[in-house]
$ cat input-v2.txt   # compact mmCIF, C-alpha atoms and all ligand atoms
# COMPACT_ATOMS: atom_id res chain seq x y z
CA MET A 1 -3.64 2.29 49.43
CA LYS A 2 -5.18 0.10 46.73
CA LYS A 3 -2.61 -1.85 44.73
CA ILE A 4 -2.70 -4.31 41.87
CA ILE A 5 0.08 -6.83 41.46
CA ILE A 6 0.39 -7.32 37.71
CA ILE A 7 1.98 -10.63 36.77
CA ALA A 8 3.42 -11.12 33.27
CA GLY A 9 5.88 -13.47 31.62
CA PRO A 10 6.04 -16.20 28.99
CA SER A 11 3.72 -19.21 29.01
CA GLY A 12 4.95 -21.82 31.43
CA ALA A 13 7.04 -19.41 33.53
CA GLY A 14 4.67 -19.77 36.49
CA LYS A 15 2.28 -16.78 36.41
CA THR A 16 -0.79 -18.81 37.40
CA THR A 17 1.13 -20.78 40.03
CA ILE A 18 2.29 -17.53 41.63
CA SER A 19 -1.13 -15.89 41.45
CA ASN A 20 -2.71 -18.97 43.09
CA TYR A 21 -0.01 -18.87 45.77
CA LEU A 22 -0.75 -15.18 46.45
CA GLN A 23 -4.39 -16.15 46.97
CA GLU A 24 -3.69 -19.13 49.23
CA LYS A 25 -0.85 -17.75 51.34
CA TYR A 26 -1.61 -13.99 51.41
CA ASN A 27 -5.34 -13.81 50.69
CA ILE A 28 -4.64 -11.71 47.58
CA PRO A 29 -7.36 -12.57 45.05
CA ARG A 30 -6.90 -12.58 41.28
CA VAL A 31 -8.97 -10.27 39.11
CA LEU A 32 -10.39 -12.61 36.50
CA THR A 33 -10.11 -11.73 32.84
CA HIS A 34 -11.99 -12.84 29.74
CA THR A 35 -10.77 -15.02 26.90
CA THR A 36 -11.97 -16.76 23.76
CA ARG A 37 -9.33 -19.49 24.29
CA PRO A 38 -10.98 -22.86 24.98
CA PRO A 39 -10.61 -24.06 28.59
CA ARG A 40 -7.72 -26.46 29.27
CA ALA A 41 -8.40 -29.71 31.11
CA GLY A 42 -9.45 -28.78 34.64
CA GLU A 43 -10.08 -25.08 33.95
CA GLN A 44 -13.50 -23.79 34.96
CA ASN A 45 -15.49 -20.77 33.84
CA GLY A 46 -15.33 -18.16 36.62
CA LYS A 47 -12.28 -19.74 38.25
CA GLU A 48 -9.33 -19.33 35.85
CA TYR A 49 -11.11 -17.10 33.32
CA TYR A 50 -14.47 -16.05 32.04
CA PHE A 51 -14.52 -18.18 28.90
CA GLU A 52 -16.22 -16.34 26.01
CA THR A 53 -17.27 -16.94 22.44
CA ASP A 54 -16.19 -14.40 19.78
CA SER A 55 -19.71 -13.03 19.93
CA SER A 56 -19.95 -12.70 23.74
CA PHE A 57 -16.39 -11.25 23.85
CA SER A 58 -17.31 -8.54 21.36
CA LYS A 59 -20.15 -7.34 23.62
CA LEU A 60 -17.97 -6.85 26.71
CA HIS A 61 -16.99 -3.37 27.94
CA LEU A 62 -13.28 -3.86 28.40
CA PHE A 63 -10.58 -1.70 29.94
CA GLU A 64 -8.06 -3.20 27.49
CA LYS A 65 -7.97 -6.17 25.14
CA VAL A 66 -5.36 -7.99 23.07
CA GLU A 67 -4.89 -10.89 20.72
CA TYR A 68 -2.44 -13.51 21.97
CA GLY A 69 -1.70 -16.75 20.10
CA HIS A 70 -4.81 -16.25 17.88
CA TYR A 71 -7.21 -15.89 20.82
CA GLN A 72 -8.64 -12.76 22.39
CA TYR A 73 -8.08 -11.70 25.98
CA GLY A 74 -9.39 -8.70 27.88
CA SER A 75 -9.97 -7.26 31.32
CA SER A 76 -12.67 -4.99 32.68
CA GLN A 77 -12.42 -2.01 34.99
CA GLU A 78 -15.57 -3.23 36.79
CA SER A 79 -13.82 -6.45 37.86
CA LEU A 80 -10.87 -4.47 39.21
CA GLN A 81 -13.06 -1.99 41.12
CA LYS A 82 -15.16 -4.83 42.53
CA ALA A 83 -12.02 -6.66 43.72
CA TRP A 84 -10.61 -3.43 45.21
CA SER A 85 -13.87 -2.81 47.06
CA GLN A 86 -13.16 -5.99 49.02
CA HIS A 87 -9.33 -6.19 49.12
CA ASP A 88 -6.65 -3.46 49.08
CA LEU A 89 -4.25 -5.81 47.33
CA VAL A 90 -5.27 -7.87 44.29
CA SER A 91 -3.43 -9.56 41.41
CA ILE A 92 -4.01 -9.91 37.69
CA ILE A 93 -2.23 -11.90 34.95
CA LEU A 94 -1.58 -9.99 31.71
CA GLU A 95 0.65 -10.17 28.65
CA THR A 96 3.03 -7.24 28.22
CA GLN A 97 0.90 -5.07 25.93
CA GLY A 98 -1.83 -5.18 28.58
CA VAL A 99 0.74 -4.24 31.22
CA ASN A 100 1.59 -1.13 29.20
CA SER A 101 -2.12 -0.24 29.06
CA TYR A 102 -2.43 -0.53 32.85
CA PHE A 103 0.60 1.76 33.31
CA HIS A 104 -1.15 4.32 31.09
CA LYS A 105 -4.55 4.01 32.74
CA LEU A 106 -3.74 3.71 36.46
CA PRO A 107 -1.58 5.87 38.74
CA ILE A 108 1.84 4.29 39.02
CA ASP A 109 1.60 4.04 42.81
CA ASN A 110 -1.31 1.63 42.41
CA ILE A 111 0.80 -0.86 40.46
CA CYS A 112 3.37 -3.47 41.45
CA PHE A 113 4.63 -5.17 38.31
CA ILE A 114 6.18 -8.64 38.53
CA TYR A 115 7.77 -10.23 35.47
CA ILE A 116 8.20 -13.99 35.86
CA THR A 117 10.79 -15.81 33.81
CA ILE A 118 13.08 -18.85 33.93
CA SER A 119 16.79 -18.97 33.07
CA ASP A 120 16.53 -21.71 30.46
CA HIS A 121 13.74 -20.85 28.02
CA SER A 122 13.88 -24.29 26.44
CA LYS A 123 12.37 -25.66 29.67
CA LEU A 124 9.17 -23.67 29.16
CA MET A 125 7.95 -26.23 26.66
CA GLN A 126 8.56 -29.07 29.13
CA ARG A 127 6.48 -27.19 31.68
CA LEU A 128 3.62 -26.79 29.22
CA ILE A 129 3.77 -30.53 28.49
CA GLY A 130 3.88 -31.24 32.23
CA ARG A 131 0.85 -28.99 32.74
CA GLY A 132 -1.05 -31.24 30.34
CA ASP A 133 -1.55 -28.75 27.48
CA ALA A 134 -2.54 -30.37 24.18
CA PRO A 135 0.52 -30.71 21.86
CA ILE A 136 -1.27 -28.79 19.08
CA GLU A 137 -1.92 -25.88 21.47
CA ILE A 138 1.70 -25.93 22.67
CA ASN A 139 2.95 -25.69 19.10
CA LYS A 140 0.57 -22.84 18.30
CA ARG A 141 1.63 -21.05 21.46
CA ILE A 142 5.39 -21.31 21.19
CA ASN A 143 5.32 -20.33 17.52
CA SER A 144 3.22 -17.22 18.15
CA SER A 145 4.87 -13.81 17.87
CA GLU A 146 3.37 -12.83 21.25
CA PHE A 147 5.04 -15.75 23.04
CA LYS A 148 8.41 -14.86 21.45
CA ARG A 149 7.95 -11.19 22.33
CA ASP A 150 7.18 -11.92 25.99
CA LEU A 151 10.34 -14.01 26.45
CA GLN A 152 11.98 -10.63 27.11
CA LEU A 153 10.92 -7.34 28.64
CA HIS A 154 10.94 -4.34 26.35
CA GLY A 155 10.98 -0.56 26.71
CA VAL A 156 9.73 1.19 29.80
CA LEU A 157 8.50 -2.04 31.42
CA LYS A 158 12.13 -2.94 32.14
CA LYS A 159 12.31 0.04 34.45
CA TYR A 160 9.27 -0.92 36.51
CA ALA A 161 9.59 -4.71 36.68
CA HIS A 162 10.39 -6.77 39.73
CA ILE A 163 11.97 -9.74 37.98
CA VAL A 164 11.33 -13.16 39.49
CA VAL A 165 13.37 -16.02 38.05
CA ASN A 166 11.14 -18.98 38.84
CA ASP A 167 13.65 -21.82 38.39
CA ASN A 168 13.13 -23.15 41.88
CA TRP A 169 9.82 -22.93 43.72
CA GLN A 170 11.35 -22.63 47.22
CA ASP A 171 13.45 -19.65 46.07
CA THR A 172 10.45 -18.09 44.36
CA LYS A 173 8.38 -18.30 47.56
CA GLY A 174 11.18 -16.43 49.37
CA THR A 175 11.31 -13.73 46.68
CA ILE A 176 7.53 -13.33 46.81
CA ALA A 177 7.60 -13.03 50.62
CA LYS A 178 10.10 -10.14 50.36
CA LEU A 179 8.03 -8.40 47.68
CA ILE A 180 4.80 -8.65 49.65
CA ASP A 181 6.59 -7.31 52.71
CA GLN A 182 7.84 -4.31 50.66
CA ILE A 183 4.34 -3.62 49.34
CA GLN A 184 2.72 -3.83 52.75
CA HIS A 185 5.24 -1.63 54.64
N1 LIG B 1 -3.66 -7.95 28.08
C1 LIG B 1 -4.24 -9.01 28.63
N2 LIG B 1 -3.57 -10.19 28.69
C2 LIG B 1 -4.20 -11.23 29.28
C3 LIG B 1 -5.49 -11.13 29.83
N3 LIG B 1 -5.82 -12.33 30.35
C4 LIG B 1 -4.76 -13.15 30.14
N4 LIG B 1 -3.78 -12.49 29.49
C5 LIG B 1 -2.47 -13.00 29.02
O1 LIG B 1 -2.70 -13.82 27.89
C6 LIG B 1 -1.60 -14.72 27.75
C7 LIG B 1 -2.14 -16.12 27.45
O2 LIG B 1 -2.78 -16.63 28.59
P1 LIG B 1 -3.14 -18.17 28.68
O3 LIG B 1 -3.78 -18.63 27.42
O4 LIG B 1 -3.90 -18.39 29.94
O5 LIG B 1 -1.72 -18.89 28.67
P2 LIG B 1 -0.50 -19.12 29.67
O6 LIG B 1 0.37 -17.90 29.64
O7 LIG B 1 0.19 -20.29 29.06
O8 LIG B 1 -1.04 -19.43 31.03
C8 LIG B 1 -0.81 -14.65 29.04
O9 LIG B 1 0.37 -13.90 28.80
C9 LIG B 1 -1.73 -13.90 29.98
O10 LIG B 1 -0.96 -13.13 30.85
C10 LIG B 1 -6.17 -9.86 29.73
O11 LIG B 1 -7.29 -9.65 30.16
N5 LIG B 1 -5.50 -8.85 29.12
N1 LIG B 2 9.43 -23.30 40.00
C1 LIG B 2 8.85 -24.25 39.26
N2 LIG B 2 9.53 -25.38 38.98
C2 LIG B 2 8.98 -26.37 38.23
N3 LIG B 2 7.72 -26.31 37.70
C3 LIG B 2 7.00 -25.19 37.95
C4 LIG B 2 7.52 -24.12 38.74
N4 LIG B 2 6.57 -23.15 38.83
C5 LIG B 2 5.51 -23.60 38.11
N5 LIG B 2 5.76 -24.83 37.60
C6 LIG B 2 4.87 -25.68 36.77
O1 LIG B 2 5.00 -25.22 35.41
C7 LIG B 2 3.75 -25.32 34.73
C8 LIG B 2 3.39 -23.95 34.16
O2 LIG B 2 3.09 -23.07 35.26
P1 LIG B 2 1.92 -22.01 35.16
O3 LIG B 2 1.81 -21.33 36.48
O4 LIG B 2 0.69 -22.64 34.60
O5 LIG B 2 2.56 -21.01 34.07
P2 LIG B 2 1.95 -19.76 33.30
O6 LIG B 2 0.67 -19.36 34.01
O7 LIG B 2 3.00 -18.70 33.37
O8 LIG B 2 1.72 -20.22 31.89
C9 LIG B 2 2.73 -25.85 35.75
O9 LIG B 2 2.56 -27.24 35.56
C10 LIG B 2 3.39 -25.53 37.11
O10 LIG B 2 2.99 -26.44 38.09
$ encode --input "input-v2.txt" --output "structure tokens"
Amino acid sequence: MKKIIIIAGPSGAGKTTISNYLQEKYNIPRVLTHTTRPPRAGEQNGKEYYFETDSSFSKLHLFEKVEYGHYQYGSSQESLQKAWSQHDLVSIILETQGVNSYFHKLPIDNICFIYITISDHSKLMQRLIGRGDAPIEINKRINSSEFKRDLQLHGVLKKYAHIVVNDNWQDTKGTIAKLIDQIQH
């Protein structure tokens, strides 16, 4: 059966790290999404995101789209179907409003939802600094209502989430191994 592993959680929790690990260790590719956010140092168009202008973003046919920290983000059904045509199991990184949209648009059996968090939220900022984000972008991000909202899970998402507390990378790898085993058997 086709499944999408949806990864959500606050900035700095480790969503991208986990998605990259799923690709490297389990050959589970990430469905790329579109954003008007400028690329961070080292990010490449077509690798982390499709980087768009406001004008090119407005012309896309998107499955769902949101504003997060004053930038636009959106995903297309075509990208998902293309990824599923090559792999039964794929991942995608979304904020929580997008996760709700996926639960409305796809059969529940096609979704495995992972919410990544860390026990001490004050360490998220240190991780963003360590990742090399520009201080001005970090400030914008951590002061945004979306960032504050996604520090917690709300509503029905609580019921469906596999919660991964990514304080320690060795532990996280073990948790991911168990989850992938559950999905595949
Ligand atoms: N709904 C939705 N959220 C997205 C999409 N692409 C990325 N996001 C989310 O947008 C938020 C900001 O992403 P990004 O700027 O890369 O920051 P990061 O969380 O610090 O890595 C994250 O919560 C992502 O999960 C998308 O296509 N749709
Ligand atoms: N378990 C961990 N312990 C310490 N640092 C981590 C851990 N997991 C990820 N990181 C680091 O934290 C930073 C943010 O991780 P990232 O995956 O980019 O987060 P997100 O995509 O959720 O914003 C990166 O520099 C990453 O290498």
$ residues_near_ligand --input "input-v2.txt" --ligand "ligand LIG 2 (chain B)" --cutoff "9 Å" --atoms "only C-alpha atoms and all ligand atoms" --output "MDAnalysis selection string"
chainID A and resid 7:20 93 116:118 124 126:132 165:172
$ write_last_selection --input "input-v2.txt" --atoms "C-alpha atoms" --output "compact mmCIF listing (two decimals), keeping the file's coordinate frame"
# COMPACT_ATOMS: atom_id res chain seq x y z
CA ILE A 7 1.98 -10.63 36.77
CA ALA A 8 3.42 -11.12 33.27
CA GLY A 9 5.88 -13.47 31.62
CA PRO A 10 6.04 -16.20 28.99
CA SER A 11 3.72 -19.21 29.01
CA GLY A 12 4.95 -21.82 31.43
CA ALA A 13 7.04 -19.41 33.53
CA GLY A 14 4.67 -19.77 36.49
CA LYS A 15 2.28 -16.78 36.41
CA THR A 16 -0.79 -18.81 37.40
CA THR A 17 1.13 -20.78 40.03
CA ILE A 18 2.29 -17.53 41.63
CA SER A 19 -1.13 -15.89 41.45
CA ASN A 20 -2.71 -18.97 43.09
CA ILE A 93 -2.23 -11.90 34.95
CA ILE A 116 8.20 -13.99 35.86
CA THR A 117 10.79 -15.81 33.81
CA ILE A 118 13.08 -18.85 33.93
CA LEU A 124 9.17 -23.67 29.16
CA GLN A 126 8.56 -29.07 29.13
CA ARG A 127 6.48 -27.19 31.68
CA LEU A 128 3.62 -26.79 29.22
CA ILE A 129 3.77 -30.53 28.49
CA GLY A 130 3.88 -31.24 32.23
CA ARG A 131 0.85 -28.99 32.74
CA GLY A 132 -1.05 -31.24 30.34
CA VAL A 165 13.37 -16.02 38.05
CA ASN A 166 11.14 -18.98 38.84
CA ASP A 167 13.65 -21.82 38.39
CA ASN A 168 13.13 -23.15 41.88
CA TRP A 169 9.82 -22.93 43.72
CA GLN A 170 11.35 -22.63 47.22
CA ASP A 171 13.45 -19.65 46.07
CA THR A 172 10.45 -18.09 44.36
$ residues_near_ligand --input "input-v2.txt" --ligand "ligand LIG 1 (chain B)" --cutoff "6 Å" --atoms "all atoms listed in the file" --output "MDAnalysis selection string"
chainID A and resid 8 10:12 33:34 65:66 68 73:75 93:95 97:98
$ atom_distance --input "input-v2.txt" --atom1 "CA of Asp109 in chain A" --atom2 "CA of Lys2 in chain A"
8.8 Å
$ closest_residue --input "input-v2.txt" --among "A:Asn100, A:Asn110, A:Ser58, A:Ser119" --to "Lys159 in chain A" --atoms "all atoms listed in the file"
A:Asn100
$ residues_around --input "input-v2.txt" --residues "Val90 in chain A" --least-positions-apart "4" --cutoff "8 Å" --atoms "only C-alpha atoms" --output "number ranges by chain"
A: 3-5, 28-31, 83-84
$ build_atoms --input "input-v2.txt" --residues "range 34-45 of chain A" --atoms "all heavy atoms" --output "PDB file, in the frame of the given file"
ATOM      1  N   HIS A  34     -11.142 -12.130  30.707  1.00  0.00           N
ATOM      2  CA  HIS A  34     -11.990 -12.840  29.740  1.00  0.00           C
ATOM      3  C   HIS A  34     -11.129 -13.347  28.581  1.00  0.00           C
ATOM      4  O   HIS A  34     -10.195 -12.677  28.169  1.00  0.00           O
ATOM      5  CB  HIS A  34     -13.038 -11.878  29.159  1.00  0.00           C
ATOM      6  CG  HIS A  34     -13.914 -11.256  30.199  1.00  0.00           C
ATOM      7  ND1 HIS A  34     -15.195 -11.691  30.455  1.00  0.00           N
ATOM      8  CD2 HIS A  34     -13.684 -10.228  31.055  1.00  0.00           C
ATOM      9  CE1 HIS A  34     -15.717 -10.950  31.420  1.00  0.00           C
ATOM     10  NE2 HIS A  34     -14.821 -10.055  31.796  1.00  0.00           N
ATOM     11  N   THR A  35     -11.490 -14.523  28.077  1.00  0.00           N
ATOM     12  CA  THR A  35     -10.770 -15.020  26.900  1.00  0.00           C
ATOM     13  C   THR A  35     -11.662 -15.859  25.997  1.00  0.00           C
ATOM     14  O   THR A  35     -12.622 -16.486  26.475  1.00  0.00           O
ATOM     15  CB  THR A  35      -9.539 -15.870  27.300  1.00  0.00           C
ATOM     16  OG1 THR A  35      -8.835 -16.254  26.108  1.00  0.00           O
ATOM     17  CG2 THR A  35      -9.912 -17.138  28.055  1.00  0.00           C
ATOM     18  N   THR A  36     -11.284 -15.869  24.698  1.00  0.00           N
ATOM     19  CA  THR A  36     -11.970 -16.760  23.760  1.00  0.00           C
ATOM     20  C   THR A  36     -11.198 -18.075  23.611  1.00  0.00           C
ATOM     21  O   THR A  36     -11.595 -18.934  22.841  1.00  0.00           O
ATOM     22  CB  THR A  36     -12.093 -16.099  22.368  1.00  0.00           C
ATOM     23  OG1 THR A  36     -10.782 -15.798  21.873  1.00  0.00           O
ATOM     24  CG2 THR A  36     -12.921 -14.829  22.422  1.00  0.00           C
ATOM     25  N   ARG A  37     -10.060 -18.210  24.330  1.00  0.00           N
ATOM     26  CA  ARG A  37      -9.330 -19.490  24.290  1.00  0.00           C
ATOM     27  C   ARG A  37     -10.205 -20.575  24.924  1.00  0.00           C
ATOM     28  O   ARG A  37     -10.844 -20.321  25.946  1.00  0.00           O
ATOM     29  CB  ARG A  37      -8.011 -19.332  25.068  1.00  0.00           C
ATOM     30  CG  ARG A  37      -7.368 -20.652  25.412  1.00  0.00           C
ATOM     31  CD  ARG A  37      -5.983 -20.560  25.966  1.00  0.00           C
ATOM     32  NE  ARG A  37      -5.795 -20.209  27.360  1.00  0.00           N
ATOM     33  CZ  ARG A  37      -6.213 -20.915  28.408  1.00  0.00           C
ATOM     34  NH1 ARG A  37      -6.983 -21.984  28.275  1.00  0.00           N
ATOM     35  NH2 ARG A  37      -5.920 -20.518  29.626  1.00  0.00           N
ATOM     36  N   PRO A  38     -10.195 -21.794  24.337  1.00  0.00           N
ATOM     37  CA  PRO A  38     -10.980 -22.860  24.980  1.00  0.00           C
ATOM     38  C   PRO A  38     -10.357 -23.244  26.317  1.00  0.00           C
ATOM     39  O   PRO A  38      -9.131 -23.160  26.470  1.00  0.00           O
ATOM     40  CB  PRO A  38     -10.883 -24.033  23.990  1.00  0.00           C
ATOM     41  CG  PRO A  38      -9.953 -23.639  22.920  1.00  0.00           C
ATOM     42  CD  PRO A  38      -9.546 -22.211  23.093  1.00  0.00           C
ATOM     43  N   PRO A  39     -11.171 -23.665  27.286  1.00  0.00           N
ATOM     44  CA  PRO A  39     -10.610 -24.060  28.590  1.00  0.00           C
ATOM     45  C   PRO A  39      -9.682 -25.263  28.433  1.00  0.00           C
ATOM     46  O   PRO A  39      -9.936 -26.145  27.623  1.00  0.00           O
ATOM     47  CB  PRO A  39     -11.840 -24.462  29.403  1.00  0.00           C
ATOM     48  CG  PRO A  39     -13.027 -24.021  28.638  1.00  0.00           C
ATOM     49  CD  PRO A  39     -12.628 -23.762  27.224  1.00  0.00           C
ATOM     50  N   ARG A  40      -8.586 -25.271  29.209  1.00  0.00           N
ATOM     51  CA  ARG A  40      -7.720 -26.460  29.270  1.00  0.00           C
ATOM     52  C   ARG A  40      -8.359 -27.446  30.233  1.00  0.00           C
ATOM     53  O   ARG A  40      -9.225 -27.062  31.027  1.00  0.00           O
ATOM     54  CB  ARG A  40      -6.338 -26.077  29.811  1.00  0.00           C
ATOM     55  CG  ARG A  40      -5.588 -25.148  28.899  1.00  0.00           C
ATOM     56  CD  ARG A  40      -4.206 -24.787  29.463  1.00  0.00           C
ATOM     57  NE  ARG A  40      -3.606 -23.755  28.645  1.00  0.00           N
ATOM     58  CZ  ARG A  40      -3.089 -22.623  29.110  1.00  0.00           C
ATOM     59  NH1 ARG A  40      -3.048 -22.376  30.401  1.00  0.00           N
ATOM     60  NH2 ARG A  40      -2.592 -21.731  28.285  1.00  0.00           N
ATOM     61  N   ALA A  41      -7.857 -28.690  30.198  1.00  0.00           N
ATOM     62  CA  ALA A  41      -8.400 -29.710  31.110  1.00  0.00           C
ATOM     63  C   ALA A  41      -8.325 -29.170  32.538  1.00  0.00           C
ATOM     64  O   ALA A  41      -7.281 -28.680  32.964  1.00  0.00           O
ATOM     65  CB  ALA A  41      -7.578 -30.982  30.979  1.00  0.00           C
ATOM     66  N   GLY A  42      -9.437 -29.206  33.234  1.00  0.00           N
ATOM     67  CA  GLY A  42      -9.450 -28.780  34.640  1.00  0.00           C
ATOM     68  C   GLY A  42      -9.807 -27.319  34.845  1.00  0.00           C
ATOM     69  O   GLY A  42     -10.133 -26.913  35.954  1.00  0.00           O
ATOM     70  N   GLU A  43      -9.735 -26.500  33.782  1.00  0.00           N
ATOM     71  CA  GLU A  43     -10.080 -25.080  33.950  1.00  0.00           C
ATOM     72  C   GLU A  43     -11.606 -24.912  33.962  1.00  0.00           C
ATOM     73  O   GLU A  43     -12.316 -25.576  33.215  1.00  0.00           O
ATOM     74  CB  GLU A  43      -9.485 -24.247  32.812  1.00  0.00           C
ATOM     75  CG  GLU A  43      -7.990 -24.029  32.941  1.00  0.00           C
ATOM     76  CD  GLU A  43      -7.415 -23.097  31.877  1.00  0.00           C
ATOM     77  OE1 GLU A  43      -7.975 -23.019  30.763  1.00  0.00           O
ATOM     78  OE2 GLU A  43      -6.396 -22.463  32.144  1.00  0.00           O
ATOM     79  N   GLN A  44     -12.053 -23.998  34.820  1.00  0.00           N
ATOM     80  CA  GLN A  44     -13.500 -23.790  34.960  1.00  0.00           C
ATOM     81  C   GLN A  44     -13.856 -22.327  34.694  1.00  0.00           C
ATOM     82  O   GLN A  44     -13.120 -21.433  35.133  1.00  0.00           O
ATOM     83  CB  GLN A  44     -13.937 -24.116  36.382  1.00  0.00           C
ATOM     84  CG  GLN A  44     -13.908 -25.586  36.719  1.00  0.00           C
ATOM     85  CD  GLN A  44     -14.065 -25.792  38.220  1.00  0.00           C
ATOM     86  OE1 GLN A  44     -14.657 -24.979  38.916  1.00  0.00           O
ATOM     87  NE2 GLN A  44     -13.517 -26.883  38.715  1.00  0.00           N
ATOM     88  N   ASN A  45     -15.005 -22.129  34.065  1.00  0.00           N
ATOM     89  CA  ASN A  45     -15.490 -20.770  33.840  1.00  0.00           C
ATOM     90  C   ASN A  45     -15.708 -20.093  35.195  1.00  0.00           C
ATOM     91  O   ASN A  45     -16.311 -20.671  36.094  1.00  0.00           O
ATOM     92  CB  ASN A  45     -16.806 -20.814  33.060  1.00  0.00           C
ATOM     93  CG  ASN A  45     -17.249 -19.441  32.634  1.00  0.00           C
ATOM     94  OD1 ASN A  45     -16.431 -18.625  32.202  1.00  0.00           O
ATOM     95  ND2 ASN A  45     -18.524 -19.152  32.778  1.00  0.00           N
TER      96      ASN A  45
END
